[in-house]
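Peer 1: Provided below: target.cif, containing mmCIF, C-alpha atoms and all ligand atoms.
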data_run
#
loop_
_atom_site.group_PDB
_atom_site.id
_atom_site.type_symbol
_atom_site.label_atom_id
_atom_site.label_comp_id
_atom_site.auth_asym_id
_atom_site.auth_seq_id
_atom_site.Cartn_x
_atom_site.Cartn_y
_atom_site.Cartn_z
ATOM 1 C CA MET A 1 3.372 14.531 -12.537
ATOM 2 C CA SER A 2 6.799 12.995 -11.879
ATOM 3 C CA ALA A 3 7.080 9.212 -11.375
ATOM 4 C CA LEU A 4 8.228 8.357 -7.888
ATOM 5 C CA LEU A 5 8.303 4.668 -8.747
ATOM 6 C CA LEU A 6 8.806 3.283 -12.229
ATOM 7 C CA VAL A 7 8.642 -0.420 -13.113
ATOM 8 C CA GLU A 8 9.619 -1.291 -16.686
ATOM 9 C CA ASN A 9 9.223 -4.689 -18.374
ATOM 10 C CA LEU A 10 9.691 -6.570 -15.116
ATOM 11 C CA CYS A 11 10.036 -10.356 -15.222
ATOM 12 C CA CYS A 12 10.486 -12.361 -12.037
ATOM 13 C CA GLY A 13 9.362 -15.520 -10.304
ATOM 14 C CA TYR A 14 10.342 -18.421 -8.075
ATOM 15 C CA LYS A 15 12.874 -21.107 -9.107
ATOM 16 C CA GLN A 16 11.892 -22.083 -12.675
ATOM 17 C CA MET A 17 8.438 -20.494 -12.570
ATOM 18 C CA GLU A 18 8.070 -17.041 -14.084
ATOM 19 C CA VAL A 19 5.256 -15.223 -12.260
ATOM 20 C CA LEU A 20 5.402 -11.686 -13.703
ATOM 21 C CA HIS A 21 5.770 -11.411 -17.470
ATOM 22 C CA SER A 22 7.163 -8.058 -18.574
ATOM 23 C CA VAL A 23 5.078 -5.898 -16.276
ATOM 24 C CA SER A 24 5.285 -2.082 -16.383
ATOM 25 C CA LEU A 25 3.712 0.510 -14.121
ATOM 26 C CA GLU A 26 4.359 3.856 -12.531
ATOM 27 C CA VAL A 27 3.340 5.603 -9.349
ATOM 28 C CA GLY A 28 3.381 9.398 -9.352
ATOM 29 C CA GLN A 29 4.275 11.568 -6.402
ATOM 30 C CA GLY A 30 1.191 12.024 -4.188
ATOM 31 C CA GLU A 31 -0.943 9.345 -5.844
ATOM 32 C CA ILE A 32 -2.805 6.380 -4.445
ATOM 33 C CA VAL A 33 -2.366 3.608 -7.015
ATOM 34 C CA ALA A 34 -4.091 0.234 -6.628
ATOM 35 C CA LEU A 35 -3.142 -3.204 -7.913
ATOM 36 C CA VAL A 36 -6.276 -5.299 -8.198
ATOM 37 C CA GLY A 37 -6.689 -8.877 -9.352
ATOM 38 C CA ALA A 38 -7.597 -12.391 -8.349
ATOM 39 C CA ASN A 39 -5.794 -14.708 -5.939
ATOM 40 C CA GLY A 40 -2.416 -15.779 -7.242
ATOM 41 C CA ALA A 41 -2.300 -13.120 -10.003
ATOM 42 C CA GLY A 42 1.115 -11.900 -8.840
ATOM 43 C CA LYS A 43 0.273 -8.726 -6.862
ATOM 44 C CA SER A 44 2.291 -9.622 -3.740
ATOM 45 C CA THR A 45 5.134 -10.857 -5.926
ATOM 46 C CA LEU A 46 5.220 -7.438 -7.586
ATOM 47 C CA LEU A 47 5.422 -5.642 -4.222
ATOM 48 C CA ASN A 48 8.082 -8.059 -2.996
ATOM 49 C CA THR A 49 10.143 -7.533 -6.131
ATOM 50 C CA ILE A 50 9.940 -3.742 -5.786
ATOM 51 C CA THR A 51 11.354 -4.077 -2.262
ATOM 52 C CA GLY A 52 14.057 -6.521 -3.322
ATOM 53 C CA ILE A 53 12.700 -9.525 -1.397
ATOM 54 C CA VAL A 54 12.067 -11.373 -4.665
ATOM 55 C CA PRO A 55 14.926 -10.879 -7.178
ATOM 56 C CA THR A 56 14.340 -9.187 -10.530
ATOM 57 C CA TRP A 57 15.071 -11.516 -13.483
ATOM 58 C CA SER A 58 14.923 -8.835 -16.128
ATOM 59 C CA GLY A 59 13.544 -5.343 -16.558
ATOM 60 C CA ARG A 60 14.093 -2.301 -14.408
ATOM 61 C CA ILE A 61 12.701 -0.772 -11.225
ATOM 62 C CA SER A 62 13.531 2.863 -10.391
ATOM 63 C CA TYR A 63 12.674 4.912 -7.349
ATOM 64 C CA GLU A 64 13.148 8.656 -7.599
ATOM 65 C CA ASN A 65 15.027 8.058 -10.881
ATOM 66 C CA THR A 66 17.512 5.720 -9.162
ATOM 67 C CA PRO A 67 17.657 2.043 -10.233
ATOM 68 C CA ILE A 68 16.846 -0.188 -7.256
ATOM 69 C CA SER A 69 16.426 -3.620 -8.900
ATOM 70 C CA SER A 70 19.707 -5.029 -7.669
ATOM 71 C CA ARG A 71 19.843 -3.335 -4.274
ATOM 72 C CA PRO A 72 19.372 -5.133 -0.947
ATOM 73 C CA THR A 73 16.003 -4.638 0.762
ATOM 74 C CA ARG A 74 17.482 -2.689 3.697
ATOM 75 C CA ASP A 75 18.931 -0.078 1.312
ATOM 76 C CA ILE A 76 15.640 0.204 -0.566
ATOM 77 C CA VAL A 77 13.735 0.743 2.687
ATOM 78 C CA ARG A 78 16.257 3.385 3.767
ATOM 79 C CA MET A 79 15.595 5.237 0.523
ATOM 80 C CA GLY A 80 12.045 5.907 1.747
ATOM 81 C CA LEU A 81 9.955 2.875 0.779
ATOM 82 C CA ALA A 82 8.081 1.021 3.507
ATOM 83 C CA VAL A 83 5.916 -2.069 3.291
ATOM 84 C CA VAL A 84 2.898 -3.160 5.277
ATOM 85 C CA PRO A 85 3.042 -6.888 4.532
ATOM 86 C CA GLU A 86 0.127 -9.217 3.938
ATOM 87 C CA ARG A 87 -1.090 -10.681 7.266
ATOM 88 C CA ARG A 88 0.768 -7.874 9.108
ATOM 89 C CA GLN A 89 3.720 -9.995 10.341
ATOM 90 C CA LEU A 90 4.014 -8.287 13.708
ATOM 91 C CA PHE A 91 6.214 -9.526 16.531
ATOM 92 C CA GLY A 92 3.387 -11.044 18.552
ATOM 93 C CA SER A 93 5.196 -11.360 21.874
ATOM 94 C CA MET A 94 6.311 -7.725 21.785
ATOM 95 C CA SER A 95 4.196 -4.717 22.753
ATOM 96 C CA VAL A 96 2.675 -2.292 20.267
ATOM 97 C CA GLU A 97 5.275 0.291 21.268
ATOM 98 C CA GLU A 98 8.152 -2.154 20.714
ATOM 99 C CA ASN A 99 6.789 -3.087 17.297
ATOM 100 C CA LEU A 100 6.664 0.599 16.395
ATOM 101 C CA MET A 101 10.252 1.131 17.536
ATOM 102 C CA ILE A 102 11.356 -1.675 15.212
ATOM 103 C CA GLY A 103 9.832 0.298 12.317
ATOM 104 C CA ALA A 104 12.052 3.240 13.217
ATOM 105 C CA TYR A 105 15.214 1.166 12.661
ATOM 106 C CA ALA A 106 14.610 1.494 8.928
ATOM 107 C CA ARG A 107 15.116 5.257 9.054
ATOM 108 C CA PRO A 108 18.138 6.561 7.164
ATOM 109 C CA ASP A 109 18.958 9.153 9.836
ATOM 110 C CA ARG A 110 19.937 8.426 13.429
ATOM 111 C CA PRO A 111 16.867 9.716 15.215
ATOM 112 C CA THR A 112 17.172 10.951 18.794
ATOM 113 C CA ASN A 113 14.836 9.634 21.494
ATOM 114 C CA ARG A 114 12.981 12.923 21.288
ATOM 115 C CA THR A 115 12.478 12.531 17.522
ATOM 116 C CA LEU A 116 11.246 8.987 17.988
ATOM 117 C CA ARG A 117 8.786 10.075 20.678
ATOM 118 C CA ASP A 118 7.468 12.828 18.386
ATOM 119 C CA ASN A 119 7.280 10.344 15.537
ATOM 120 C CA MET A 120 5.299 7.941 17.704
ATOM 121 C CA GLU A 121 2.954 10.738 18.760
ATOM 122 C CA GLU A 122 2.274 11.436 15.078
ATOM 123 C CA VAL A 123 1.249 7.826 14.425
ATOM 124 C CA PHE A 124 -0.838 7.820 17.611
ATOM 125 C CA GLU A 125 -2.661 10.890 16.267
ATOM 126 C CA LEU A 126 -3.554 8.818 13.227
ATOM 127 C CA PHE A 127 -4.473 5.707 15.257
ATOM 128 C CA PRO A 128 -5.494 6.920 18.755
ATOM 129 C CA LYS A 129 -6.424 3.390 19.805
ATOM 130 C CA LEU A 130 -2.768 2.395 19.625
ATOM 131 C CA ARG A 131 -1.882 5.021 22.215
ATOM 132 C CA GLU A 132 -4.310 3.371 24.644
ATOM 133 C CA ARG A 133 -2.901 -0.050 23.815
ATOM 134 C CA ARG A 134 0.764 0.867 23.559
ATOM 135 C CA ARG A 135 1.848 -1.615 26.258
ATOM 136 C CA GLN A 136 -0.349 -4.474 25.038
ATOM 137 C CA LEU A 137 1.240 -7.465 23.319
ATOM 138 C CA ALA A 138 0.644 -7.381 19.568
ATOM 139 C CA GLN A 139 -0.656 -10.970 19.544
ATOM 140 C CA SER A 140 -3.463 -10.063 21.944
ATOM 141 C CA MET A 141 -4.797 -7.252 19.752
ATOM 142 C CA SER A 142 -7.806 -7.602 17.455
ATOM 143 C CA GLY A 143 -7.247 -8.038 13.712
ATOM 144 C CA GLY A 144 -8.062 -4.381 13.060
ATOM 145 C CA GLU A 145 -5.743 -3.161 15.804
ATOM 146 C CA GLN A 146 -2.969 -5.390 14.462
ATOM 147 C CA GLN A 147 -3.463 -3.909 10.990
ATOM 148 C CA MET A 148 -3.260 -0.404 12.466
ATOM 149 C CA THR A 149 -0.068 -1.420 14.304
ATOM 150 C CA ALA A 150 1.431 -2.763 11.074
ATOM 151 C CA ILE A 151 0.680 0.489 9.235
ATOM 152 C CA ALA A 152 1.966 2.538 12.183
ATOM 153 C CA ARG A 153 5.184 0.475 12.274
ATOM 154 C CA ALA A 154 5.782 1.221 8.586
ATOM 155 C CA LEU A 155 5.095 4.933 9.194
ATOM 156 C CA MET A 156 7.783 5.031 11.900
ATOM 157 C CA ALA A 157 10.287 4.687 9.045
ATOM 158 C CA LYS A 158 8.978 8.029 7.667
ATOM 159 C CA PRO A 159 8.354 6.601 4.190
ATOM 160 C CA ARG A 160 7.648 8.691 1.132
ATOM 161 C CA LEU A 161 6.171 5.648 -0.619
ATOM 162 C CA LEU A 162 4.080 3.177 1.363
ATOM 163 C CA LEU A 163 3.314 -0.246 -0.122
ATOM 164 C CA LEU A 164 0.278 -1.911 1.456
ATOM 165 C CA ASP A 165 -0.471 -5.593 0.861
ATOM 166 C CA GLU A 166 -4.135 -6.501 1.438
ATOM 167 C CA PRO A 167 -4.880 -4.146 4.345
ATOM 168 C CA SER A 168 -8.545 -5.229 4.429
ATOM 169 C CA LEU A 169 -7.786 -8.955 4.687
ATOM 170 C CA GLY A 170 -9.913 -10.683 7.339
ATOM 171 C CA LEU A 171 -11.268 -7.468 8.849
ATOM 172 C CA ALA A 172 -14.858 -6.519 9.648
ATOM 173 C CA PRO A 173 -16.398 -3.927 7.288
ATOM 174 C CA LEU A 174 -16.455 -1.178 9.929
ATOM 175 C CA ILE A 175 -12.727 -1.634 10.624
ATOM 176 C CA VAL A 176 -11.926 -1.729 6.897
ATOM 177 C CA ASP A 177 -13.800 1.562 6.624
ATOM 178 C CA GLN A 178 -11.552 3.100 9.326
ATOM 179 C CA ILE A 179 -8.337 1.729 7.804
ATOM 180 C CA MET A 180 -9.241 3.078 4.357
ATOM 181 C CA GLU A 181 -10.028 6.500 5.829
ATOM 182 C CA GLN A 182 -6.552 6.558 7.374
ATOM 183 C CA ILE A 183 -4.999 5.559 4.059
ATOM 184 C CA VAL A 184 -6.672 8.510 2.376
ATOM 185 C CA LYS A 185 -5.509 10.772 5.222
ATOM 186 C CA LEU A 186 -1.928 9.559 4.763
ATOM 187 C CA ARG A 187 -1.979 10.758 1.175
ATOM 188 C CA ALA A 188 -3.395 14.085 2.295
ATOM 189 C CA GLY A 189 -0.372 14.267 4.606
ATOM 190 C CA GLY A 190 2.022 13.896 1.659
ATOM 191 C CA CYS A 191 2.608 10.127 1.461
ATOM 192 C CA THR A 192 2.346 8.258 -1.851
ATOM 193 C CA LEU A 193 0.674 4.847 -1.712
ATOM 194 C CA LEU A 194 0.712 1.637 -3.739
ATOM 195 C CA LEU A 195 -2.165 -0.499 -2.530
ATOM 196 C CA VAL A 196 -2.653 -4.208 -3.235
ATOM 197 C CA GLU A 197 -6.242 -5.292 -2.673
ATOM 198 C CA GLN A 198 -8.367 -8.247 -3.607
ATOM 199 C CA ASN A 199 -11.428 -6.179 -2.764
ATOM 200 C CA ALA A 200 -11.324 -4.334 -6.078
ATOM 201 C CA ARG A 201 -14.331 -2.111 -5.456
ATOM 202 C CA LEU A 202 -12.836 -0.881 -2.207
ATOM 203 C CA ALA A 203 -9.411 -0.309 -3.756
ATOM 204 C CA LEU A 204 -10.799 1.566 -6.751
ATOM 205 C CA SER A 205 -12.952 3.763 -4.536
ATOM 206 C CA VAL A 206 -9.955 5.191 -2.653
ATOM 207 C CA SER A 207 -7.394 5.238 -5.493
ATOM 208 C CA ASP A 208 -6.518 7.720 -8.212
ATOM 209 C CA ARG A 209 -5.368 5.092 -10.701
ATOM 210 C CA ALA A 210 -5.209 1.320 -10.797
ATOM 211 C CA TYR A 211 -3.628 -1.601 -12.622
ATOM 212 C CA VAL A 212 -5.442 -4.902 -13.121
ATOM 213 C CA VAL A 213 -3.032 -7.821 -12.585
ATOM 214 C CA GLU A 214 -4.035 -11.049 -14.304
ATOM 215 C CA THR A 215 -1.836 -14.179 -14.332
ATOM 216 C CA GLY A 216 1.337 -12.119 -14.191
ATOM 217 C CA ASN A 217 0.304 -9.547 -16.798
ATOM 218 C CA ILE A 218 -1.331 -6.126 -16.667
ATOM 219 C CA PRO A 219 -4.065 -6.232 -19.314
ATOM 220 C CA LEU A 220 -5.799 -3.076 -18.137
ATOM 221 C CA SER A 221 -4.974 0.140 -16.290
ATOM 222 C CA GLY A 222 -6.373 3.607 -15.951
ATOM 223 C CA ARG A 223 -8.100 6.092 -13.715
ATOM 224 C CA ALA A 224 -9.796 4.283 -10.856
ATOM 225 C CA SER A 225 -13.119 5.998 -11.563
ATOM 226 C CA ASP A 226 -12.992 4.799 -15.190
ATOM 227 C CA LEU A 227 -12.167 1.232 -14.142
ATOM 228 C CA LEU A 228 -15.114 1.261 -11.720
ATOM 229 C CA ASP A 229 -17.314 1.998 -14.732
ATOM 230 C CA ASN A 230 -15.530 -0.454 -17.054
ATOM 231 C CA GLU A 231 -17.807 -3.360 -17.961
ATOM 232 C CA THR A 232 -14.995 -5.948 -18.107
ATOM 233 C CA VAL A 233 -13.720 -4.908 -14.690
ATOM 234 C CA ARG A 234 -17.235 -4.871 -13.283
ATOM 235 C CA ASP A 235 -17.958 -8.384 -14.550
ATOM 236 C CA ALA A 236 -14.588 -9.891 -13.563
ATOM 237 C CA TYR A 237 -13.822 -8.145 -10.276
ATOM 238 C CA LEU A 238 -16.776 -6.148 -9.013
ATOM 239 C CA GLY A 239 -19.548 -8.728 -9.175
ATOM 240 C CA GLY A 240 -21.506 -6.894 -11.884
ATOM 241 C CA ARG A 241 -23.304 -3.580 -11.464
ATOM 242 C CA ASN A 242 -23.454 -1.833 -8.126
ATOM 243 C CA ASP A 243 -26.224 0.706 -7.883
ATOM 244 C CA SER A 244 -26.029 1.093 -4.131
ATOM 245 C CA THR A 245 -25.855 4.728 -3.078
ATOM 246 C CA ASP A 246 -24.785 4.137 0.505
ATOM 247 C CA SER A 247 -21.994 1.573 0.323
ATOM 248 C CA MET A 248 -18.891 1.725 2.500
ATOM 249 C CA GLU A 249 -16.954 2.793 -0.603
ATOM 250 C CA ASP A 250 -19.315 5.715 -1.206
ATOM 251 C CA ARG A 251 -18.860 6.873 2.367
ATOM 252 C CA ILE A 252 -15.066 6.662 2.130
ATOM 253 C CA ARG A 253 -15.125 8.476 -1.200
ATOM 254 C CA ALA A 254 -17.285 11.248 0.232
ATOM 255 C CA LYS A 255 -14.876 11.699 3.148
ATOM 256 C CA ALA A 256 -11.843 11.523 0.865
ATOM 257 C CA SER A 257 -13.202 14.312 -1.306
ATOM 258 C CA MET A 258 -13.149 16.612 1.731
ATOM 259 C CA LEU A 259 -9.422 16.089 2.329
ATOM 260 C CA PRO A 260 -6.685 18.073 0.548
ATOM 261 C CA HIS A 261 -5.511 16.314 -2.593
ATOM 262 C CA PRO A 262 -2.176 17.291 -4.135
ATOM 263 C CA HIS A 263 -3.303 16.935 -7.754
ATOM 264 C CA ARG A 264 -6.679 18.551 -7.333
ATOM 265 C CA ALA A 265 -5.042 21.426 -5.473
ATOM 266 C CA ALA A 266 -2.502 21.866 -8.261
ATOM 267 C CA ALA A 267 -5.239 21.819 -10.893
ATOM 268 C CA ASP A 268 -7.146 24.456 -8.948
ATOM 269 C CA GLY A 269 -4.022 26.560 -8.785
ATOM 270 C CA ARG A 270 -4.061 26.335 -4.991
ATOM 271 C CA VAL A 271 -1.012 25.373 -3.000
ATOM 272 C CA PRO A 272 -1.467 22.063 -1.112
ATOM 273 C CA ALA A 273 -1.713 22.452 2.662
HETATM 274 P P1 LIG B 1 -2.865 -13.403 -3.138
HETATM 275 O O1 LIG B 1 -3.820 -12.294 -3.053
HETATM 276 O O2 LIG B 1 -3.503 -14.754 -3.012
HETATM 277 O O3 LIG B 1 -1.643 -13.236 -2.282
HETATM 278 P P2 LIG B 1 -1.303 -12.457 -5.379
HETATM 279 O O4 LIG B 1 -1.912 -11.819 -6.559
HETATM 280 O O5 LIG B 1 -0.650 -11.582 -4.392
HETATM 281 O O6 LIG B 1 -2.380 -13.391 -4.671
HETATM 282 P P3 LIG B 1 1.181 -13.892 -5.408
HETATM 283 O O7 LIG B 1 1.153 -14.179 -3.934
HETATM 284 O O8 LIG B 1 2.129 -12.905 -5.919
HETATM 285 O O9 LIG B 1 -0.281 -13.536 -5.927
HETATM 286 O O10 LIG B 1 1.430 -15.278 -6.151
HETATM 287 C C1 LIG B 1 1.649 -15.360 -7.561
HETATM 288 C C2 LIG B 1 2.095 -16.785 -7.895
HETATM 289 O O11 LIG B 1 3.383 -17.021 -7.320
HETATM 290 C C3 LIG B 1 1.182 -17.868 -7.343
HETATM 291 O O12 LIG B 1 1.112 -18.892 -8.305
HETATM 292 C C4 LIG B 1 1.887 -18.345 -6.108
HETATM 293 O O13 LIG B 1 1.599 -19.705 -5.835
HETATM 294 C C5 LIG B 1 3.353 -18.151 -6.475
HETATM 295 N N1 LIG B 1 4.184 -17.873 -5.293
HETATM 296 C C6 LIG B 1 4.034 -16.851 -4.441
HETATM 297 N N2 LIG B 1 4.998 -16.867 -3.483
HETATM 298 C C7 LIG B 1 5.788 -17.942 -3.770
HETATM 299 C C8 LIG B 1 6.967 -18.496 -3.170
HETATM 300 N N3 LIG B 1 7.517 -17.957 -2.082
HETATM 301 N N4 LIG B 1 7.496 -19.602 -3.740
HETATM 302 C C9 LIG B 1 6.946 -20.166 -4.849
HETATM 303 N N5 LIG B 1 5.846 -19.668 -5.475
HETATM 304 C C10 LIG B 1 5.266 -18.591 -4.930
#
Render the structure in this file as structure tokens.
Peer 2:
Amino acid sequence: MSALLLVENLCCGYKQMEVLHSVSLEVGQGEIVALVGANGAGKSTLLNTITGIVPTWSGRISYENTPISSRPTRDIVRMGLAVVPERRQLFGSMSVEENLMIGAYARPDRPTNRTLRDNMEEVFELFPKLRERRRQLAQSMSGGEQQMTAIARALMAKPRLLLLDEPSLGLAPLIVDQIMEQIVKLRAGGCTLLLVEQNARLALSVSDRAYVVETGNIPLSGRASDLLDNETVRDAYLGGRNDSTDSMEDRIRAKASMLPHPHRAAADGRVPA
């Protein structure tokens, strides 16, 4: 598996305060990788440093084998990285459609109106509710609809790597369920995802691999299924044992297993759809 994103010995922070202390991670093509950890651990800072919003102090970030640490955010986004920021950050007084069009400005090509319409149809296929609400102001949408709009806006940039910051924040369980299903579908469609989530159980249930972020360090990483079974992770982040057989995470996992998965397909010798 080739690394699409590689972070090596990254140190960064704000003014005099170092937040991330020599952090390293990688995200392979076609993976869903989660960053889990408590409030204030440094997860958002890591995403914001990858996208150049927070400057790198030392270390190296590479995307598709190209160093991006010192590049401006707009160049990084044009290389195929898109972010769905924490708390969505939509333009509230603009319609859903207008918010989506803003996402398309980050594309490296100069898309024609026809391409943009096709692009928008693709995101409406993923989130049909947005088609119904395309003329509605973003600020008048529900939390779940706003989260869908924020993901759809990022998808308008046609990213190869999507960074999602707390997509479940403040949403009802049923809506979180729907959002997570779409995230898994995005991967099946060829997108690679780096997912920041405070809800560790949820994140681990949809991810291939995960990194535990703790006070600016990564003390633990591995396959998501192994971390779900890890006693330390269970005690610190999962609230102890979970023997439930019908949790939201189980349902998402069951659905995810029915979708094409690039690595599983490769291991089976089948060509991904
Ligand atoms: P949360 O889930 O609460 O967002 P997190 O793991 O994403 O937590 P960060 O938001 O990255 O954590 O915050 C890491 C540390 O950096 C915290 O101590 C926070 O107070 C600090 N911090 C974050 N943003 C800034 C900023 N713009 N200026 C100064 N300090 C900041």
Peer 1: Pick out the residues no farther than 9 Å from ligand LIG 1 (chain B), counting all atoms listed in the file, and list them as an MDAnalysis selection string.
Peer 2: chainID A and resid 13:15 17:20 35:48 54 86 165:166 196:198 213:216
Peer 1: Suppose a student applies the PyMOL selection byres (((chain A and resi 6-11) around 8) and not hetatm) to this structure; what residues should they get, written as a ChimeraX atom specification?
Peer 2: /A:3-5,12-13,18-27,56-63,65
Peer 1: Convert the output of the PyMOL selection byres (((chain A and resi 167-170) around 10) and not hetatm) on the shown file into explicit residues, formatted as a count of residues only.
Peer 2: 30
Peer 1: Report as a PyMOL selection string the residues that result from applying the PyMOL selection byres (((chain A and resi 34) around 9) and not hetatm) to the structure here.
Peer 2: chain A and resi 32-33+35-36+193-197+200+203-204+206-212+224
Peer 1: Find the distance between atom CA of Met141 of chain A and atom CA of Ser95 of chain A and write it in Å to one decimal.
Peer 2: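 Between atom CA of Met141 of chain A and atom CA of Ser95 of chain A the gap is 9.8 Å.
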Peer 1: Find the residues with any atom within 10 Å of (-14.9, -9.4, -11.3); use only C-alpha atoms and the coordinates as given in the file, and write the answer as number ranges by chain.
Peer 2: A: 37-38, 199-201, 231-240
Peer 1: Please indicate the distance in Å from atom CA of Arg117 of chain A to atom CA of Met101 of chain A, rounded to one decimal place.
Peer 2: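 Atom-to-atom, atom CA of Arg117 of chain A and atom CA of Met101 of chain A are spaced 9.6 Å apart.
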Peer 1: Taking only C-alpha atoms into account, which of A:Asn119, A:Gln29, A:Gln89, A:Gln16 comes nearest Arg160 of chain A?
Peer 2: A:Gln29
Peer 1: Can you put N, CA and C atoms back into segment 77-96 of chain A and show it as a PDB file, in the coordinates of the input?
Peer 2:
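Resulting contents of selection.pdb:
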ATOM      1  N   VAL A  77      14.591   0.201   1.618  1.00  0.00           N
ATOM      2  CA  VAL A  77      13.735   0.743   2.687  1.00  0.00           C
ATOM      3  C   VAL A  77      14.309   2.066   3.179  1.00  0.00           C
ATOM      4  N   ARG A  78      15.623   2.128   3.284  1.00  0.00           N
ATOM      5  CA  ARG A  78      16.257   3.385   3.767  1.00  0.00           C
ATOM      6  C   ARG A  78      16.103   4.522   2.770  1.00  0.00           C
ATOM      7  N   MET A  79      15.806   4.178   1.515  1.00  0.00           N
ATOM      8  CA  MET A  79      15.595   5.237   0.523  1.00  0.00           C
ATOM      9  C   MET A  79      14.204   5.874   0.659  1.00  0.00           C
ATOM     10  N   GLY A  80      13.356   5.282   1.513  1.00  0.00           N
ATOM     11  CA  GLY A  80      12.045   5.907   1.747  1.00  0.00           C
ATOM     12  C   GLY A  80      10.854   5.075   1.316  1.00  0.00           C
ATOM     13  N   LEU A  81      11.068   3.769   1.087  1.00  0.00           N
ATOM     14  CA  LEU A  81       9.955   2.875   0.779  1.00  0.00           C
ATOM     15  C   LEU A  81       9.661   2.032   2.015  1.00  0.00           C
ATOM     16  N   ALA A  82       8.409   1.915   2.394  1.00  0.00           N
ATOM     17  CA  ALA A  82       8.081   1.021   3.507  1.00  0.00           C
ATOM     18  C   ALA A  82       6.927   0.121   3.096  1.00  0.00           C
ATOM     19  N   VAL A  83       6.928  -1.080   3.662  1.00  0.00           N
ATOM     20  CA  VAL A  83       5.916  -2.069   3.291  1.00  0.00           C
ATOM     21  C   VAL A  83       5.075  -2.432   4.503  1.00  0.00           C
ATOM     22  N   VAL A  84       3.779  -2.550   4.283  1.00  0.00           N
ATOM     23  CA  VAL A  84       2.898  -3.160   5.277  1.00  0.00           C
ATOM     24  C   VAL A  84       2.546  -4.521   4.695  1.00  0.00           C
ATOM     25  N   PRO A  85       3.177  -5.597   5.209  1.00  0.00           N
ATOM     26  CA  PRO A  85       3.042  -6.888   4.532  1.00  0.00           C
ATOM     27  C   PRO A  85       1.669  -7.532   4.731  1.00  0.00           C
ATOM     28  N   GLU A  86       1.360  -8.449   3.820  1.00  0.00           N
ATOM     29  CA  GLU A  86       0.127  -9.217   3.938  1.00  0.00           C
ATOM     30  C   GLU A  86       0.162  -9.958   5.279  1.00  0.00           C
ATOM     31  N   ARG A  87      -0.933 -10.026   5.946  1.00  0.00           N
ATOM     32  CA  ARG A  87      -1.090 -10.681   7.266  1.00  0.00           C
ATOM     33  C   ARG A  87      -0.215 -10.023   8.334  1.00  0.00           C
ATOM     34  N   ARG A  88       0.145  -8.781   8.114  1.00  0.00           N
ATOM     35  CA  ARG A  88       0.768  -7.874   9.108  1.00  0.00           C
ATOM     36  C   ARG A  88       2.160  -8.238   9.588  1.00  0.00           C
ATOM     37  N   GLN A  89       2.393  -9.537   9.897  1.00  0.00           N
ATOM     38  CA  GLN A  89       3.720  -9.995  10.341  1.00  0.00           C
ATOM     39  C   GLN A  89       4.302  -9.142  11.464  1.00  0.00           C
ATOM     40  N   LEU A  90       3.525  -8.990  12.519  1.00  0.00           N
ATOM     41  CA  LEU A  90       4.014  -8.287  13.708  1.00  0.00           C
ATOM     42  C   LEU A  90       4.818  -9.246  14.574  1.00  0.00           C
ATOM     43  N   PHE A  91       5.560  -8.691  15.525  1.00  0.00           N
ATOM     44  CA  PHE A  91       6.214  -9.526  16.531  1.00  0.00           C
ATOM     45  C   PHE A  91       5.208  -9.683  17.666  1.00  0.00           C
ATOM     46  N   GLY A  92       4.540 -10.845  17.686  1.00  0.00           N
ATOM     47  CA  GLY A  92       3.387 -11.044  18.552  1.00  0.00           C
ATOM     48  C   GLY A  92       3.686 -10.936  20.036  1.00  0.00           C
ATOM     49  N   SER A  93       4.901 -11.365  20.441  1.00  0.00           N
ATOM     50  CA  SER A  93       5.196 -11.360  21.874  1.00  0.00           C
ATOM     51  C   SER A  93       5.836 -10.043  22.309  1.00  0.00           C
ATOM     52  N   MET A  94       5.819  -9.067  21.429  1.00  0.00           N
ATOM     53  CA  MET A  94       6.311  -7.725  21.785  1.00  0.00           C
ATOM     54  C   MET A  94       5.124  -6.762  21.847  1.00  0.00           C
ATOM     55  N   SER A  95       5.296  -5.684  22.607  1.00  0.00           N
ATOM     56  CA  SER A  95       4.196  -4.717  22.753  1.00  0.00           C
ATOM     57  C   SER A  95       4.038  -3.903  21.464  1.00  0.00           C
ATOM     58  N   VAL A  96       2.925  -3.189  21.411  1.00  0.00           N
ATOM     59  CA  VAL A  96       2.675  -2.292  20.267  1.00  0.00           C
ATOM     60  C   VAL A  96       3.829  -1.301  20.138  1.00  0.00           C
TER      61      VAL A  96
END
